[in-house]
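Chemist: Structure below; questions to follow.
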Amino acid sequence: MPAALSQFAVEKLPPEIQIAQYLPNRVAQEVGSGGAELGFSSMPLDVPGLEVVRLYCANDVAALPEGDPLADYDVVPLSAFAGRRFVTMLDPGRFQRQVSQTMEARGVTPGPLIRTNVSYSALRLVQKTGVVSIIDPVSAYGVQLPGVVIRPIDVAVPFYWGAVTASSRPLRPLVTQMIEAVEAEALRLIPDLQILDPARSAQTIDRHASDSPVPHRGSE
């Protein structure tokens with residue numbers, strides 16, 4: 001969002017803009033209650049009164065310390081995480097579950113775990129402690145910390161995210177322009193970003209979640 005805001009002329013912006021970072025449920029609460037006009041969140045976010053106005057998908061990636069042997073790979077094998085000290089997410093029902101299920105399906109058991117509820121913290125742990133992680137592509141490509149190398153992995157683990165608004169309130173032109181600016185920045189940064197039909201968000205995510213993991217196209 002900061003990069004998207006930089007595309008606007010200062011005189012076109014309101015006198016005050018508030019940007020906050022919350023977990024998905026809190027994003028839904030803020031947008032639904034009118035505390036925020038626009039939210040960006042991982043999916044699914046099936047909350048009454050909210051509308052998914054943009055939906056995107058890209059594959060999770062490896063976050064590695066610079067100089068780690070895995071950083072020499074163009075595409076990191078999932079099997080290479082076996083036995084490695086590993087950073088993952090706290091929430092067992094969203095991102096962490098999908099990564100864990102993919103590892104289990106491939107017989108990959110990481111070493112000792114560090115759990116955090118914020119992707120930025122996971123990246124900082126990779127940067128400062130030398131652990132490895134599988135992380136969402138939005139955080140991985142959006143933050144780009146020095147000393148952290150981002151690589152695709154050889155199994156496609158799709159990450160869904162999107163823009164949500166309150167279904168009862170029309171969008172102001174400035175909000176629509178912000179969505180467009182964020183999308184343009186995401187397309188610039190995230191190599192395999194797909195733009196999906198937001199009207200079919202629940203069906204699309206459910207269908208992909210039930211599929212078995214497949215090799216990442218970069219591994220062939």
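Numbering starts fresh at 1 for the residues of each chain in the structure tokens, the chains themselves are lettered A, B, ... in the order given, and ligands are numbered from 1 as they appear.
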If we count only C-alpha atoms, what is near Pro152 in chain A at a cut-off of 12 Å, once residues fewer than 4 positions away on the same chain are taken out, given as a ChimeraX atom specification?
Modeler: /A:58-64,70-78,133-137,140-141,156-158,190-192,215-219
Chemist: Filtering to C-alpha atoms, could you give me those residues as an mmCIF file, in the first residue's frame?
Modeler:
```cif
data_model
loop_
_atom_site.group_PDB
_atom_site.id
_atom_site.type_symbol
_atom_site.label_atom_id
_atom_site.label_comp_id
_atom_site.auth_asym_id
_atom_site.auth_seq_id
_atom_site.Cartn_x
_atom_site.Cartn_y
_atom_site.Cartn_z
ATOM 1 C CA ALA A 58 0.025 -16.862 -6.260
ATOM 2 C CA ASN A 59 2.139 -19.707 -4.927
ATOM 3 C CA ASP A 60 3.825 -19.729 -1.534
ATOM 4 C CA VAL A 61 7.599 -19.383 -1.644
ATOM 5 C CA ALA A 62 10.704 -20.229 0.366
ATOM 6 C CA ALA A 63 12.340 -17.534 2.480
ATOM 7 C CA LEU A 64 16.018 -18.362 3.059
ATOM 8 C CA LEU A 70 19.230 -23.761 -0.453
ATOM 9 C CA ALA A 71 19.612 -20.244 -1.857
ATOM 10 C CA ASP A 72 21.702 -21.759 -4.673
ATOM 11 C CA TYR A 73 18.590 -23.454 -6.056
ATOM 12 C CA ASP A 74 16.466 -21.711 -8.683
ATOM 13 C CA VAL A 75 13.541 -23.789 -7.382
ATOM 14 C CA VAL A 76 13.838 -25.237 -3.869
ATOM 15 C CA PRO A 77 12.724 -28.864 -3.412
ATOM 16 C CA LEU A 78 10.163 -29.218 -0.645
ATOM 17 C CA SER A 133 10.486 -20.703 6.082
ATOM 18 C CA ILE A 134 7.693 -21.115 3.572
ATOM 19 C CA ILE A 135 5.816 -17.847 3.389
ATOM 20 C CA ASP A 136 3.038 -16.162 1.463
ATOM 21 C CA PRO A 137 4.148 -14.420 -1.746
ATOM 22 C CA ALA A 140 7.807 -12.276 0.611
ATOM 23 C CA TYR A 141 7.933 -10.067 -2.470
ATOM 24 C CA ALA A 156 2.529 -25.386 -5.897
ATOM 25 C CA VAL A 157 0.866 -24.244 -2.658
ATOM 26 C CA PRO A 158 -1.617 -21.548 -3.722
ATOM 27 C CA ILE A 190 4.755 -11.112 -7.662
ATOM 28 C CA PRO A 191 5.951 -13.276 -10.574
ATOM 29 C CA ASP A 192 3.048 -15.750 -10.856
ATOM 30 C CA PRO A 215 4.644 -29.849 -8.921
ATOM 31 C CA HIS A 216 5.454 -26.170 -9.394
ATOM 32 C CA ARG A 217 5.860 -25.331 -13.054
ATOM 33 C CA GLY A 218 9.388 -24.040 -12.368
ATOM 34 C CA SER A 219 10.540 -27.497 -11.295
#
```
Chemist: Excluding Gly142 in chain A and any residue of its chain fewer than 6 positions from it, enumerate the residues within 12 Å of it, using only C-alpha atoms, and give them as a ChimeraX atom specification.
Modeler: /A:1-4,119-120,123,135-136,150,182,185-191
Chemist: Quick one: write out the picked residues with all heavy atoms as a tab-separated table (two decimals), in the first residue's frame?
Modeler:
```tsv
chain	number	residue	atom	x	y	z
A	1	MET	N	0.80	-1.21	0.00
A	1	MET	CA	0.00	0.00	0.00
A	1	MET	C	0.84	1.27	0.00
A	1	MET	O	0.48	2.24	-0.67
A	1	MET	CB	-0.98	-0.01	1.17
A	1	MET	CG	-2.11	-1.01	1.01
A	1	MET	SD	-3.42	-0.80	2.22
A	1	MET	CE	-4.13	0.75	1.66
A	2	PRO	N	1.96	1.33	0.75
A	2	PRO	CA	2.79	2.54	0.64
A	2	PRO	C	3.26	2.82	-0.79
A	2	PRO	O	3.25	3.97	-1.24
A	2	PRO	CB	3.97	2.22	1.57
A	2	PRO	CG	3.39	1.31	2.59
A	2	PRO	CD	2.43	0.43	1.82
A	3	ALA	N	3.65	1.76	-1.50
A	3	ALA	CA	4.07	1.95	-2.89
A	3	ALA	C	2.91	2.43	-3.75
A	3	ALA	O	3.08	3.26	-4.64
A	3	ALA	CB	4.66	0.65	-3.44
A	4	ALA	N	1.71	1.89	-3.49
A	4	ALA	CA	0.54	2.32	-4.24
A	4	ALA	C	0.22	3.79	-3.95
A	4	ALA	O	-0.11	4.57	-4.86
A	4	ALA	CB	-0.65	1.44	-3.89
A	119	SER	N	3.62	-12.47	9.18
A	119	SER	CA	4.59	-12.86	8.16
A	119	SER	C	5.88	-12.05	8.23
A	119	SER	O	6.97	-12.57	7.99
A	119	SER	CB	3.97	-12.72	6.77
A	119	SER	OG	2.86	-13.57	6.62
A	120	TYR	N	5.75	-10.77	8.56
A	120	TYR	CA	6.94	-9.94	8.67
A	120	TYR	C	7.88	-10.48	9.75
A	120	TYR	O	9.11	-10.48	9.58
A	120	TYR	CB	6.55	-8.49	8.98
A	120	TYR	CG	7.74	-7.58	9.17
A	120	TYR	CD1	8.51	-7.17	8.08
A	120	TYR	CD2	8.11	-7.13	10.44
A	120	TYR	CE1	9.61	-6.34	8.24
A	120	TYR	CE2	9.21	-6.30	10.61
A	120	TYR	CZ	9.96	-5.91	9.51
A	120	TYR	OH	11.05	-5.10	9.68
A	123	LEU	N	9.85	-13.33	8.36
A	123	LEU	CA	10.96	-12.87	7.53
A	123	LEU	C	12.11	-12.34	8.37
A	123	LEU	O	13.28	-12.59	8.06
A	123	LEU	CB	10.46	-11.78	6.57
A	123	LEU	CG	9.56	-12.27	5.43
A	123	LEU	CD1	8.89	-11.08	4.74
A	123	LEU	CD2	10.35	-13.08	4.42
A	135	ILE	N	6.56	-19.05	3.05
A	135	ILE	CA	5.82	-17.85	3.39
A	135	ILE	C	4.94	-17.43	2.22
A	135	ILE	O	5.16	-17.83	1.07
A	135	ILE	CB	6.80	-16.73	3.80
A	135	ILE	CG1	6.10	-15.60	4.54
A	135	ILE	CG2	7.55	-16.21	2.59
A	135	ILE	CD1	7.06	-14.66	5.22
A	136	ASP	N	3.94	-16.62	2.53
A	136	ASP	CA	3.04	-16.16	1.46
A	136	ASP	C	3.78	-15.22	0.52
A	136	ASP	O	4.68	-14.48	0.92
A	136	ASP	CB	1.81	-15.47	2.06
A	136	ASP	CG	2.14	-14.11	2.66
A	136	ASP	OD1	2.09	-13.11	1.93
A	136	ASP	OD2	2.47	-14.06	3.86
A	150	ILE	N	14.41	-15.03	-1.62
A	150	ILE	CA	13.10	-15.62	-1.91
A	150	ILE	C	13.24	-16.52	-3.13
A	150	ILE	O	13.75	-16.10	-4.17
A	150	ILE	CB	12.04	-14.55	-2.16
A	150	ILE	CG1	11.94	-13.59	-0.95
A	150	ILE	CG2	10.69	-15.18	-2.45
A	150	ILE	CD1	11.60	-14.27	0.36
A	182	VAL	N	-2.85	-0.76	-5.96
A	182	VAL	CA	-2.32	-1.92	-5.25
A	182	VAL	C	-2.18	-3.11	-6.20
A	182	VAL	O	-1.18	-3.83	-6.18
A	182	VAL	CB	-3.21	-2.28	-4.05
A	182	VAL	CG1	-2.83	-3.64	-3.46
A	182	VAL	CG2	-3.11	-1.21	-2.97
A	185	GLU	N	0.86	-2.70	-8.41
A	185	GLU	CA	2.10	-2.97	-7.66
A	185	GLU	C	2.29	-4.47	-7.45
A	185	GLU	O	3.39	-4.99	-7.56
A	185	GLU	CB	2.05	-2.23	-6.33
A	185	GLU	CG	3.30	-2.34	-5.49
A	185	GLU	CD	4.51	-1.63	-6.09
A	185	GLU	OE1	4.36	-0.90	-7.10
A	185	GLU	OE2	5.62	-1.83	-5.56
A	186	ALA	N	1.19	-5.17	-7.14
A	186	ALA	CA	1.28	-6.61	-6.94
A	186	ALA	C	1.69	-7.32	-8.23
A	186	ALA	O	2.51	-8.24	-8.20
A	186	ALA	CB	-0.06	-7.15	-6.44
A	187	LEU	N	1.14	-6.91	-9.35
A	187	LEU	CA	1.51	-7.50	-10.63
A	187	LEU	C	2.98	-7.25	-10.96
A	187	LEU	O	3.65	-8.09	-11.57
A	187	LEU	CB	0.62	-6.94	-11.75
A	187	LEU	CG	-0.82	-7.46	-11.80
A	187	LEU	CD1	-1.67	-6.60	-12.72
A	187	LEU	CD2	-0.86	-8.91	-12.23
A	188	ARG	N	3.49	-6.12	-10.54
A	188	ARG	CA	4.90	-5.80	-10.78
A	188	ARG	C	5.82	-6.66	-9.93
A	188	ARG	O	6.89	-7.09	-10.38
A	188	ARG	CB	5.16	-4.32	-10.48
A	188	ARG	CG	6.56	-3.85	-10.80
A	188	ARG	CD	6.75	-2.39	-10.46
A	188	ARG	NE	6.79	-2.16	-9.02
A	188	ARG	CZ	7.88	-2.31	-8.27
A	188	ARG	NH1	9.03	-2.72	-8.83
A	188	ARG	NH2	7.86	-2.06	-6.99
A	189	LEU	N	5.40	-6.97	-8.69
A	189	LEU	CA	6.29	-7.62	-7.74
A	189	LEU	C	6.20	-9.14	-7.73
A	189	LEU	O	7.20	-9.82	-7.52
A	189	LEU	CB	5.99	-7.11	-6.32
A	189	LEU	CG	6.40	-5.68	-5.99
A	189	LEU	CD1	5.90	-5.31	-4.60
A	189	LEU	CD2	7.92	-5.52	-6.05
A	190	ILE	N	4.99	-9.69	-7.88
A	190	ILE	CA	4.76	-11.11	-7.66
A	190	ILE	C	4.77	-11.84	-9.00
A	190	ILE	O	3.89	-11.64	-9.83
A	190	ILE	CB	3.42	-11.34	-6.93
A	190	ILE	CG1	3.41	-10.57	-5.60
A	190	ILE	CG2	3.18	-12.83	-6.68
A	190	ILE	CD1	2.09	-10.59	-4.87
A	191	PRO	N	5.75	-12.71	-9.23
A	191	PRO	CA	5.95	-13.28	-10.57
A	191	PRO	C	4.77	-14.06	-11.13
A	191	PRO	O	4.47	-13.95	-12.32
A	191	PRO	CB	7.17	-14.20	-10.39
A	191	PRO	CG	7.88	-13.65	-9.20
A	191	PRO	CD	6.83	-13.11	-8.30
```
Chemist: Determine the nearest neighbour of Val131 in chain A from the options A:Arg84, A:Arg106, A:Arg172, A:Arg115, counting only C-alpha atoms.
Modeler: A:Arg84
Chemist: Identify, with DSSP run on backbone atoms, the residues in range 110-165 of chain A assigned to alpha helix (DSSP H), and express the list as a ChimeraX atom specification.
Modeler: /A:119-129,137-143
Chemist: Would you please give, as an MDAnalysis selection string, all residues of range 12-136 of chain A that DSSP assigns to strand (DSSP E or B) based on the backbone?
Modeler: chainID A and resid 39:42 50:59 61:65 76 86:89 113:116 132:135
Chemist: Can you tell me which residues surround Leu45 in chain A at a distance of at most 9 Å, considering only C-alpha atoms, apart from same-chain residues fewer than 4 positions away, and format the answer as a PDB file with all heavy atoms, in the first residue's frame?
Modeler:
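And here's around15.pdb as it stands now:
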```pdb
ATOM      1  N   PRO A  24      -6.720 -11.471   9.664  1.00  0.00           N
ATOM      2  CA  PRO A  24      -7.888 -11.455   8.774  1.00  0.00           C
ATOM      3  C   PRO A  24      -9.230 -11.198   9.459  1.00  0.00           C
ATOM      4  O   PRO A  24     -10.048 -10.422   8.951  1.00  0.00           O
ATOM      5  CB  PRO A  24      -7.848 -12.844   8.126  1.00  0.00           C
ATOM      6  CG  PRO A  24      -6.401 -13.186   8.100  1.00  0.00           C
ATOM      7  CD  PRO A  24      -5.837 -12.630   9.374  1.00  0.00           C
ATOM      8  N   ASN A  25      -9.474 -11.831  10.604  1.00  0.00           N
ATOM      9  CA  ASN A  25     -10.763 -11.625  11.266  1.00  0.00           C
ATOM     10  C   ASN A  25     -10.969 -10.175  11.677  1.00  0.00           C
ATOM     11  O   ASN A  25     -12.080  -9.643  11.596  1.00  0.00           O
ATOM     12  CB  ASN A  25     -10.883 -12.542  12.488  1.00  0.00           C
ATOM     13  CG  ASN A  25     -11.074 -13.990  12.106  1.00  0.00           C
ATOM     14  OD1 ASN A  25     -11.447 -14.295  10.976  1.00  0.00           O
ATOM     15  ND2 ASN A  25     -10.805 -14.895  13.027  1.00  0.00           N
ATOM     16  N   ALA A  28     -11.896  -8.081   8.668  1.00  0.00           N
ATOM     17  CA  ALA A  28     -13.327  -8.220   8.388  1.00  0.00           C
ATOM     18  C   ALA A  28     -14.160  -7.354   9.336  1.00  0.00           C
ATOM     19  O   ALA A  28     -15.123  -6.696   8.913  1.00  0.00           O
ATOM     20  CB  ALA A  28     -13.734  -9.685   8.517  1.00  0.00           C
ATOM     21  N   SER A  41      -6.845  -8.821   2.530  1.00  0.00           N
ATOM     22  CA  SER A  41      -6.740  -9.953   3.438  1.00  0.00           C
ATOM     23  C   SER A  41      -6.470 -11.232   2.672  1.00  0.00           C
ATOM     24  O   SER A  41      -6.826 -11.365   1.498  1.00  0.00           O
ATOM     25  CB  SER A  41      -8.038 -10.109   4.238  1.00  0.00           C
ATOM     26  OG  SER A  41      -8.006 -11.271   5.049  1.00  0.00           O
ATOM     27  N   LEU A  50     -19.724  -8.467   3.825  1.00  0.00           N
ATOM     28  CA  LEU A  50     -18.515  -8.084   3.105  1.00  0.00           C
ATOM     29  C   LEU A  50     -18.595  -8.557   1.665  1.00  0.00           C
ATOM     30  O   LEU A  50     -19.174  -9.598   1.368  1.00  0.00           O
ATOM     31  CB  LEU A  50     -17.272  -8.680   3.749  1.00  0.00           C
ATOM     32  CG  LEU A  50     -16.846  -8.170   5.121  1.00  0.00           C
ATOM     33  CD1 LEU A  50     -15.490  -8.756   5.482  1.00  0.00           C
ATOM     34  CD2 LEU A  50     -16.794  -6.663   5.166  1.00  0.00           C
ATOM     35  N   VAL A  52     -16.060  -9.405  -1.641  1.00  0.00           N
ATOM     36  CA  VAL A  52     -14.718  -9.544  -2.214  1.00  0.00           C
ATOM     37  C   VAL A  52     -14.739  -8.867  -3.578  1.00  0.00           C
ATOM     38  O   VAL A  52     -15.378  -9.341  -4.512  1.00  0.00           O
ATOM     39  CB  VAL A  52     -14.318 -11.027  -2.344  1.00  0.00           C
ATOM     40  CG1 VAL A  52     -12.917 -11.153  -2.954  1.00  0.00           C
ATOM     41  CG2 VAL A  52     -14.354 -11.719  -0.987  1.00  0.00           C
ATOM     42  N   VAL A 164     -11.435  -6.395   0.076  1.00  0.00           N
ATOM     43  CA  VAL A 164     -12.814  -6.525   0.563  1.00  0.00           C
ATOM     44  C   VAL A 164     -13.346  -5.156   0.962  1.00  0.00           C
ATOM     45  O   VAL A 164     -12.609  -4.294   1.452  1.00  0.00           O
ATOM     46  CB  VAL A 164     -12.910  -7.501   1.758  1.00  0.00           C
ATOM     47  CG1 VAL A 164     -12.556  -8.913   1.339  1.00  0.00           C
ATOM     48  CG2 VAL A 164     -12.028  -7.062   2.916  1.00  0.00           C
ATOM     49  N   ALA A 202     -15.397 -18.205  -3.145  1.00  0.00           N
ATOM     50  CA  ALA A 202     -15.569 -19.366  -2.269  1.00  0.00           C
ATOM     51  C   ALA A 202     -15.392 -20.666  -3.038  1.00  0.00           C
ATOM     52  O   ALA A 202     -14.687 -21.578  -2.605  1.00  0.00           O
ATOM     53  CB  ALA A 202     -16.933 -19.324  -1.593  1.00  0.00           C
TER      54      ALA A 202
END
```
Chemist: I'd like the contact shell of range 36-38 of chain A - 7 Å cut-off, only C-alpha atoms, skipping same-chain residues fewer than 6 positions apart - returned as a PyMOL selection string.
Modeler: chain A and resi 30+163-165
Chemist: My list of candidates is A:Val27, A:Val87, A:Val99, A:Val148. Which is closest to Asp68 in chain A when distances are computed with only C-alpha atoms?
Modeler: A:Val148
Chemist: Which polymer residues have any atom within 6 Å of an atom of Ser167 in chain A, counting only C-alpha atoms, with same-chain residues fewer than 2 positions away left out, as an MDAnalysis selection string?
Modeler: chainID A and resid 49:51 169
Chemist: Could you write out the selected residues, including C-alpha atoms, as a tab-separated table (two decimals), in the first residue's frame?
Modeler:
```tsv
chain	number	residue	atom	x	y	z
A	49	GLY	CA	-21.88	-8.03	4.86
A	50	LEU	CA	-18.51	-8.08	3.10
A	51	GLU	CA	-17.89	-8.18	-0.62
A	169	ARG	CA	-21.60	0.99	0.89
```
Chemist: Using only C-alpha atoms, find the one residue out of A:Phe40, A:Tyr22, A:Phe95, A:Phe81 that sits nearest to Tyr56 in chain A.
Modeler: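 Answer, going by the shortest atom-to-atom distance: A:Phe40.
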